[in-house]
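Participant: Pasting final_11.cif here (mmCIF, N, CA and C atoms):
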data_final
#
loop_
_atom_site.label_atom_id
_atom_site.label_comp_id
_atom_site.auth_asym_id
_atom_site.auth_seq_id
_atom_site.Cartn_x
_atom_site.Cartn_y
_atom_site.Cartn_z
N MET A 1365 45.84 -27.59 53.16
CA MET A 1365 44.59 -28.22 53.55
C MET A 1365 43.42 -27.25 53.42
N GLU A 1366 43.71 -25.96 53.67
CA GLU A 1366 42.67 -24.94 53.56
C GLU A 1366 42.20 -24.79 52.12
N ASP A 1367 43.13 -24.93 51.16
CA ASP A 1367 42.77 -24.83 49.75
C ASP A 1367 41.83 -25.97 49.35
N LEU A 1368 42.09 -27.15 49.85
CA LEU A 1368 41.24 -28.31 49.55
C LEU A 1368 39.84 -28.10 50.11
N ARG A 1369 39.76 -27.54 51.31
CA ARG A 1369 38.47 -27.25 51.93
C ARG A 1369 37.68 -26.24 51.11
N GLU A 1370 38.35 -25.17 50.70
CA GLU A 1370 37.70 -24.14 49.90
C GLU A 1370 37.26 -24.68 48.54
N GLU A 1371 38.12 -25.50 47.94
CA GLU A 1371 37.78 -26.10 46.65
C GLU A 1371 36.57 -27.03 46.77
N PHE A 1372 36.52 -27.78 47.86
CA PHE A 1372 35.40 -28.69 48.09
C PHE A 1372 34.10 -27.90 48.29
N LEU A 1373 34.14 -26.83 49.08
CA LEU A 1373 32.96 -26.00 49.30
C LEU A 1373 32.50 -25.34 48.00
N LYS A 1374 33.45 -24.92 47.18
CA LYS A 1374 33.11 -24.34 45.87
C LYS A 1374 32.42 -25.39 44.99
N PHE A 1375 32.94 -26.60 45.02
CA PHE A 1375 32.34 -27.70 44.26
C PHE A 1375 30.90 -27.95 44.72
N LEU A 1376 30.69 -27.99 46.03
CA LEU A 1376 29.34 -28.23 46.56
C LEU A 1376 28.38 -27.15 46.13
N LYS A 1377 28.83 -25.91 46.13
CA LYS A 1377 27.96 -24.79 45.78
C LYS A 1377 27.72 -24.67 44.28
N SER A 1378 28.72 -24.94 43.48
CA SER A 1378 28.60 -24.68 42.05
C SER A 1378 27.89 -25.80 41.29
N TYR A 1379 27.94 -27.02 41.72
CA TYR A 1379 27.35 -28.12 40.97
C TYR A 1379 26.02 -28.60 41.54
N GLY A 1380 25.47 -27.91 42.49
CA GLY A 1380 24.16 -28.27 43.02
C GLY A 1380 24.13 -29.58 43.79
N VAL A 1381 25.26 -29.98 44.33
CA VAL A 1381 25.35 -31.24 45.06
C VAL A 1381 24.44 -31.22 46.29
N ILE A 1382 24.37 -30.09 46.96
CA ILE A 1382 23.55 -29.99 48.16
C ILE A 1382 22.07 -30.14 47.79
N GLY A 1383 21.66 -29.54 46.69
CA GLY A 1383 20.28 -29.68 46.24
C GLY A 1383 19.92 -31.11 45.91
N VAL A 1384 20.83 -31.81 45.27
CA VAL A 1384 20.60 -33.22 44.95
C VAL A 1384 20.50 -34.05 46.23
N ALA A 1385 21.39 -33.78 47.18
CA ALA A 1385 21.37 -34.52 48.45
C ALA A 1385 20.06 -34.28 49.19
N VAL A 1386 19.61 -33.02 49.23
CA VAL A 1386 18.34 -32.71 49.89
C VAL A 1386 17.19 -33.42 49.18
N GLY A 1387 17.22 -33.44 47.85
CA GLY A 1387 16.18 -34.13 47.08
C GLY A 1387 16.14 -35.62 47.37
N ILE A 1388 17.30 -36.24 47.51
CA ILE A 1388 17.36 -37.67 47.81
C ILE A 1388 16.79 -37.95 49.19
N VAL A 1389 17.19 -37.14 50.17
CA VAL A 1389 16.69 -37.34 51.54
C VAL A 1389 15.17 -37.14 51.59
N MET A 1390 14.67 -36.09 50.93
CA MET A 1390 13.22 -35.85 50.92
C MET A 1390 12.49 -36.96 50.17
N GLY A 1391 13.08 -37.45 49.10
CA GLY A 1391 12.48 -38.55 48.36
C GLY A 1391 12.36 -39.81 49.20
N GLN A 1392 13.38 -40.10 49.99
CA GLN A 1392 13.32 -41.26 50.87
C GLN A 1392 12.25 -41.08 51.93
N ALA A 1393 12.11 -39.88 52.46
CA ALA A 1393 11.09 -39.63 53.47
C ALA A 1393 9.69 -39.79 52.88
N VAL A 1394 9.48 -39.25 51.68
CA VAL A 1394 8.17 -39.40 51.03
C VAL A 1394 7.90 -40.87 50.74
N ALA A 1395 8.91 -41.60 50.29
CA ALA A 1395 8.73 -43.03 50.01
C ALA A 1395 8.34 -43.80 51.26
N LYS A 1396 8.93 -43.46 52.41
CA LYS A 1396 8.56 -44.13 53.66
C LYS A 1396 7.09 -43.86 54.01
N VAL A 1397 6.69 -42.61 53.87
CA VAL A 1397 5.30 -42.25 54.19
C VAL A 1397 4.34 -42.99 53.27
N ILE A 1398 4.62 -43.00 51.98
CA ILE A 1398 3.75 -43.68 51.02
C ILE A 1398 3.71 -45.18 51.30
N THR A 1399 4.85 -45.77 51.62
CA THR A 1399 4.89 -47.21 51.93
C THR A 1399 4.03 -47.53 53.14
N VAL A 1400 4.10 -46.70 54.17
CA VAL A 1400 3.28 -46.92 55.37
C VAL A 1400 1.79 -46.77 55.04
N ILE A 1401 1.46 -45.78 54.22
CA ILE A 1401 0.05 -45.60 53.83
C ILE A 1401 -0.44 -46.82 53.04
N VAL A 1402 0.38 -47.30 52.12
CA VAL A 1402 -0.01 -48.46 51.32
C VAL A 1402 -0.16 -49.70 52.20
N GLU A 1403 0.84 -49.95 53.06
CA GLU A 1403 0.78 -51.14 53.92
C GLU A 1403 -0.30 -51.04 54.99
N GLY A 1404 -0.53 -49.84 55.52
CA GLY A 1404 -1.47 -49.69 56.62
C GLY A 1404 -2.89 -49.39 56.21
N LEU A 1405 -3.10 -48.87 55.00
CA LEU A 1405 -4.44 -48.48 54.58
C LEU A 1405 -4.91 -49.22 53.33
N VAL A 1406 -4.13 -49.13 52.27
CA VAL A 1406 -4.56 -49.70 50.99
C VAL A 1406 -4.60 -51.22 51.03
N MET A 1407 -3.53 -51.85 51.51
CA MET A 1407 -3.47 -53.31 51.52
C MET A 1407 -4.55 -53.94 52.40
N PRO A 1408 -4.82 -53.43 53.60
CA PRO A 1408 -5.91 -54.03 54.38
C PRO A 1408 -7.27 -53.89 53.70
N ILE A 1409 -7.49 -52.77 53.00
CA ILE A 1409 -8.76 -52.62 52.27
C ILE A 1409 -8.84 -53.64 51.15
N LEU A 1410 -7.73 -53.82 50.41
CA LEU A 1410 -7.72 -54.82 49.34
C LEU A 1410 -7.93 -56.23 49.89
N GLU A 1411 -7.31 -56.53 51.02
CA GLU A 1411 -7.48 -57.84 51.63
C GLU A 1411 -8.93 -58.08 52.04
N ALA A 1412 -9.61 -57.03 52.50
CA ALA A 1412 -11.01 -57.16 52.89
C ALA A 1412 -11.92 -57.34 51.67
N LEU A 1413 -11.56 -56.69 50.57
CA LEU A 1413 -12.41 -56.76 49.37
C LEU A 1413 -12.19 -58.03 48.55
N LEU A 1414 -10.96 -58.53 48.55
CA LEU A 1414 -10.67 -59.71 47.74
C LEU A 1414 -11.01 -60.99 48.50
N PRO A 1415 -11.56 -61.97 47.80
CA PRO A 1415 -11.89 -63.22 48.48
C PRO A 1415 -10.62 -63.95 48.94
N GLY A 1416 -10.68 -64.52 50.08
CA GLY A 1416 -9.55 -65.27 50.62
C GLY A 1416 -8.59 -64.43 51.45
N GLY A 1417 -8.76 -63.14 51.44
CA GLY A 1417 -7.92 -62.29 52.29
C GLY A 1417 -6.47 -62.29 51.89
N LYS A 1418 -5.62 -62.85 52.60
CA LYS A 1418 -4.16 -62.85 52.51
C LYS A 1418 -3.60 -63.04 51.09
N TRP A 1419 -3.95 -62.18 50.17
CA TRP A 1419 -3.49 -62.32 48.79
C TRP A 1419 -2.01 -62.01 48.65
N GLN A 1420 -1.43 -61.30 49.61
CA GLN A 1420 0.01 -61.02 49.55
C GLN A 1420 0.84 -62.27 49.75
N GLU A 1421 0.24 -63.30 50.32
CA GLU A 1421 0.95 -64.56 50.55
C GLU A 1421 0.79 -65.54 49.39
N LEU A 1422 0.17 -65.09 48.30
CA LEU A 1422 -0.06 -65.92 47.13
C LEU A 1422 1.28 -66.32 46.50
N VAL A 1423 1.44 -67.63 46.27
CA VAL A 1423 2.68 -68.16 45.72
C VAL A 1423 2.36 -68.97 44.47
N LEU A 1424 3.12 -68.74 43.42
CA LEU A 1424 2.97 -69.47 42.17
C LEU A 1424 4.06 -70.54 42.13
N HIS A 1425 3.66 -71.80 42.04
CA HIS A 1425 4.61 -72.91 42.05
C HIS A 1425 4.88 -73.35 40.61
N LEU A 1426 6.10 -73.14 40.16
CA LEU A 1426 6.53 -73.58 38.83
C LEU A 1426 7.73 -74.51 39.00
N TRP A 1427 7.53 -75.77 38.67
CA TRP A 1427 8.54 -76.79 38.81
C TRP A 1427 9.09 -76.75 40.23
N LYS A 1428 10.36 -76.43 40.42
CA LYS A 1428 10.95 -76.38 41.76
C LYS A 1428 11.11 -74.96 42.27
N VAL A 1429 10.46 -74.02 41.60
CA VAL A 1429 10.59 -72.60 41.96
C VAL A 1429 9.28 -72.09 42.53
N ASN A 1430 9.36 -71.38 43.64
CA ASN A 1430 8.20 -70.73 44.24
C ASN A 1430 8.30 -69.22 44.00
N ILE A 1431 7.36 -68.70 43.21
CA ILE A 1431 7.34 -67.27 42.91
C ILE A 1431 6.30 -66.61 43.80
N LYS A 1432 6.74 -65.67 44.60
CA LYS A 1432 5.84 -64.98 45.53
C LYS A 1432 5.12 -63.85 44.79
N ILE A 1433 4.12 -64.22 44.05
CA ILE A 1433 3.40 -63.30 43.18
C ILE A 1433 2.65 -62.23 43.97
N GLY A 1434 2.20 -62.56 45.15
CA GLY A 1434 1.50 -61.58 46.00
C GLY A 1434 2.39 -60.43 46.40
N LEU A 1435 3.64 -60.73 46.75
CA LEU A 1435 4.59 -59.68 47.11
C LEU A 1435 4.94 -58.81 45.90
N ILE A 1436 5.01 -59.43 44.74
CA ILE A 1436 5.29 -58.67 43.51
C ILE A 1436 4.16 -57.70 43.22
N ILE A 1437 2.92 -58.17 43.35
CA ILE A 1437 1.76 -57.31 43.12
C ILE A 1437 1.74 -56.17 44.13
N ALA A 1438 2.03 -56.46 45.39
CA ALA A 1438 2.05 -55.42 46.43
C ALA A 1438 3.12 -54.39 46.14
N ALA A 1439 4.30 -54.82 45.69
CA ALA A 1439 5.37 -53.89 45.36
C ALA A 1439 4.99 -53.02 44.17
N CYS A 1440 4.29 -53.59 43.19
CA CYS A 1440 3.84 -52.81 42.03
C CYS A 1440 2.82 -51.75 42.44
N ILE A 1441 1.91 -52.11 43.32
CA ILE A 1441 0.92 -51.14 43.81
C ILE A 1441 1.63 -50.01 44.55
N ASP A 1442 2.59 -50.36 45.39
CA ASP A 1442 3.38 -49.36 46.12
C ASP A 1442 4.10 -48.44 45.14
N PHE A 1443 4.72 -49.01 44.11
CA PHE A 1443 5.43 -48.23 43.11
C PHE A 1443 4.50 -47.27 42.37
N PHE A 1444 3.34 -47.74 41.94
CA PHE A 1444 2.43 -46.89 41.19
C PHE A 1444 1.87 -45.74 42.04
N ILE A 1445 1.60 -46.00 43.30
CA ILE A 1445 1.12 -44.93 44.17
C ILE A 1445 2.23 -43.90 44.41
N LEU A 1446 3.45 -44.37 44.67
CA LEU A 1446 4.58 -43.46 44.86
C LEU A 1446 4.84 -42.66 43.59
N SER A 1447 4.78 -43.30 42.44
CA SER A 1447 4.99 -42.61 41.17
C SER A 1447 3.94 -41.53 40.95
N ALA A 1448 2.69 -41.83 41.28
CA ALA A 1448 1.62 -40.85 41.11
C ALA A 1448 1.83 -39.66 42.03
N VAL A 1449 2.23 -39.90 43.27
CA VAL A 1449 2.48 -38.80 44.20
C VAL A 1449 3.62 -37.91 43.69
N VAL A 1450 4.70 -38.51 43.24
CA VAL A 1450 5.82 -37.73 42.72
C VAL A 1450 5.40 -36.97 41.47
N PHE A 1451 4.64 -37.59 40.58
CA PHE A 1451 4.16 -36.94 39.37
C PHE A 1451 3.34 -35.70 39.69
N PHE A 1452 2.36 -35.85 40.59
CA PHE A 1452 1.51 -34.71 40.92
C PHE A 1452 2.26 -33.63 41.69
N LEU A 1453 3.22 -34.02 42.51
CA LEU A 1453 4.04 -33.05 43.23
C LEU A 1453 4.88 -32.23 42.25
N VAL A 1454 5.53 -32.88 41.32
CA VAL A 1454 6.34 -32.18 40.32
C VAL A 1454 5.45 -31.31 39.44
N LYS A 1455 4.29 -31.84 39.05
CA LYS A 1455 3.36 -31.07 38.23
C LYS A 1455 2.91 -29.81 38.96
N TYR A 1456 2.65 -29.92 40.26
CA TYR A 1456 2.25 -28.76 41.06
C TYR A 1456 3.38 -27.74 41.14
N ILE A 1457 4.60 -28.22 41.38
CA ILE A 1457 5.74 -27.32 41.53
C ILE A 1457 6.03 -26.58 40.22
N LEU A 1458 5.87 -27.26 39.09
CA LEU A 1458 6.20 -26.67 37.79
C LEU A 1458 5.01 -26.06 37.07
N LYS A 1459 3.93 -25.84 37.78
CA LYS A 1459 2.73 -25.30 37.12
C LYS A 1459 2.99 -23.89 36.58
N VAL A 1460 2.14 -23.46 35.67
CA VAL A 1460 2.29 -22.15 35.04
C VAL A 1460 2.02 -21.07 36.08
N ASP A 1461 2.84 -20.04 36.06
CA ASP A 1461 2.71 -18.91 36.99
C ASP A 1461 1.46 -18.10 36.63
N PRO A 1462 0.47 -17.98 37.54
CA PRO A 1462 -0.76 -17.27 37.21
C PRO A 1462 -0.55 -15.76 37.03
N HIS A 1463 0.53 -15.20 37.57
CA HIS A 1463 0.79 -13.77 37.47
C HIS A 1463 1.47 -13.40 36.15
N ASN A 1464 2.01 -14.39 35.46
CA ASN A 1464 2.71 -14.14 34.22
C ASN A 1464 1.72 -14.26 33.06
N LYS A 1465 1.68 -13.27 32.19
CA LYS A 1465 0.70 -13.25 31.09
C LYS A 1465 1.15 -14.09 29.89
N GLU A 1466 2.47 -14.37 29.78
CA GLU A 1466 2.95 -15.13 28.63
C GLU A 1466 2.58 -16.61 28.80
N LYS A 1467 2.02 -17.17 27.76
CA LYS A 1467 1.58 -18.56 27.80
C LYS A 1467 2.79 -19.49 27.76
N GLY A 1468 2.75 -20.53 28.59
CA GLY A 1468 3.77 -21.56 28.56
C GLY A 1468 4.98 -21.28 29.42
N GLU A 1469 5.09 -20.12 30.02
CA GLU A 1469 6.25 -19.84 30.86
C GLU A 1469 6.02 -20.47 32.22
N LYS A 1470 7.04 -21.15 32.72
CA LYS A 1470 6.89 -21.89 33.96
C LYS A 1470 7.73 -21.29 35.06
N ILE A 1471 7.35 -21.60 36.28
CA ILE A 1471 8.12 -21.19 37.44
C ILE A 1471 9.30 -22.11 37.57
N CYS A 1472 10.48 -21.58 37.74
CA CYS A 1472 11.67 -22.40 37.91
C CYS A 1472 12.41 -22.01 39.17
#
Would you put the structure from the file into structure tokens?

Facilitator:
Amino acid sequence: MEDLREEFLKFLKSYGVIGVAVGIVMGQAVAKVITVIVEGLVMPILEALLPGGKWQELVLHLWKVNIKIGLIIAACIDFFILSAVVFFLVKYILKVDPHNKEKGEKIC
């Protein structure tokens, strides 16, 4: 049983499993924060600016199907804001090292 434990710990250390797990947990935390910002700040501003207010409740009726187009638009806005935050975060982390004189070398 001790060999299995040691083998498992070696696997965790050698394949970066812990780093991936930490990245997933941090990604979920960032997604929650962005979702709250979108729902609590961006959406109320959009509702105030757009005529009729409650645009998230907009439903498109096609034959016998009701498509909740407002929720789809809200999810797309949430996705684009989250994508932009992740993009700029990764861009910041991978920026060129100012102390290094060679052009194009990045911090890893």

Participant: Just say which residues the PyMOL selection byres ((chain A and resi 1442-1453) around 8) picks in this file, as a list in words.

Facilitator: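 Those residues are Val1394, Ala1395, Ile1398, Thr1399, Val1402, Glu1403, Ile1436, Ile1437, Ala1438, Ala1439, Cys1440, Ile1441, Val1454, Lys1455, Tyr1456, Ile1457, Leu1458 and Lys1459 of chain A.
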
Participant: Going by DSSP on the backbone, which residues of chain A come out as alpha helix (DSSP H)? List them as a VMD selection string.

Facilitator: chain A and resid 1366 to 1378 1381 to 1401 1407 to 1413 1433 to 1457

Participant: Mind checking DSSP for chain A and telling me the strand (DSSP E) residues as a list in words?

Facilitator: Leu1424, His1425, Leu1426, Val1429, Asn1430 and Ile1431 of chain A

Participant: Please indicate the distance in Å from atom C of Val1423 (chain A) to atom C of Ile1409 (chain A), rounded to one decimal place.

Facilitator: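 We find that atom C of Val1423 (chain A) and atom C of Ile1409 (chain A) lie 20.1 Å from each other.
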
Participant: Would you mind reading off the distance between atom N of Ile1401 (chain A) and atom N of Gly1383 (chain A), one decimal, in Å?

Facilitator: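 Atom-to-atom, atom N of Ile1401 (chain A) and atom N of Gly1383 (chain A) are spaced 27.0 Å apart.
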
Participant: If we count only C-alpha atoms and set the cut-off at 10 Å, which residues sit around Lys1432 (chain A), ignoring sequence neighbours fewer than 5 positions away in its own chain? Please answer as a PyMOL selection string.

Facilitator: chain A and resi 1420-1425+1437
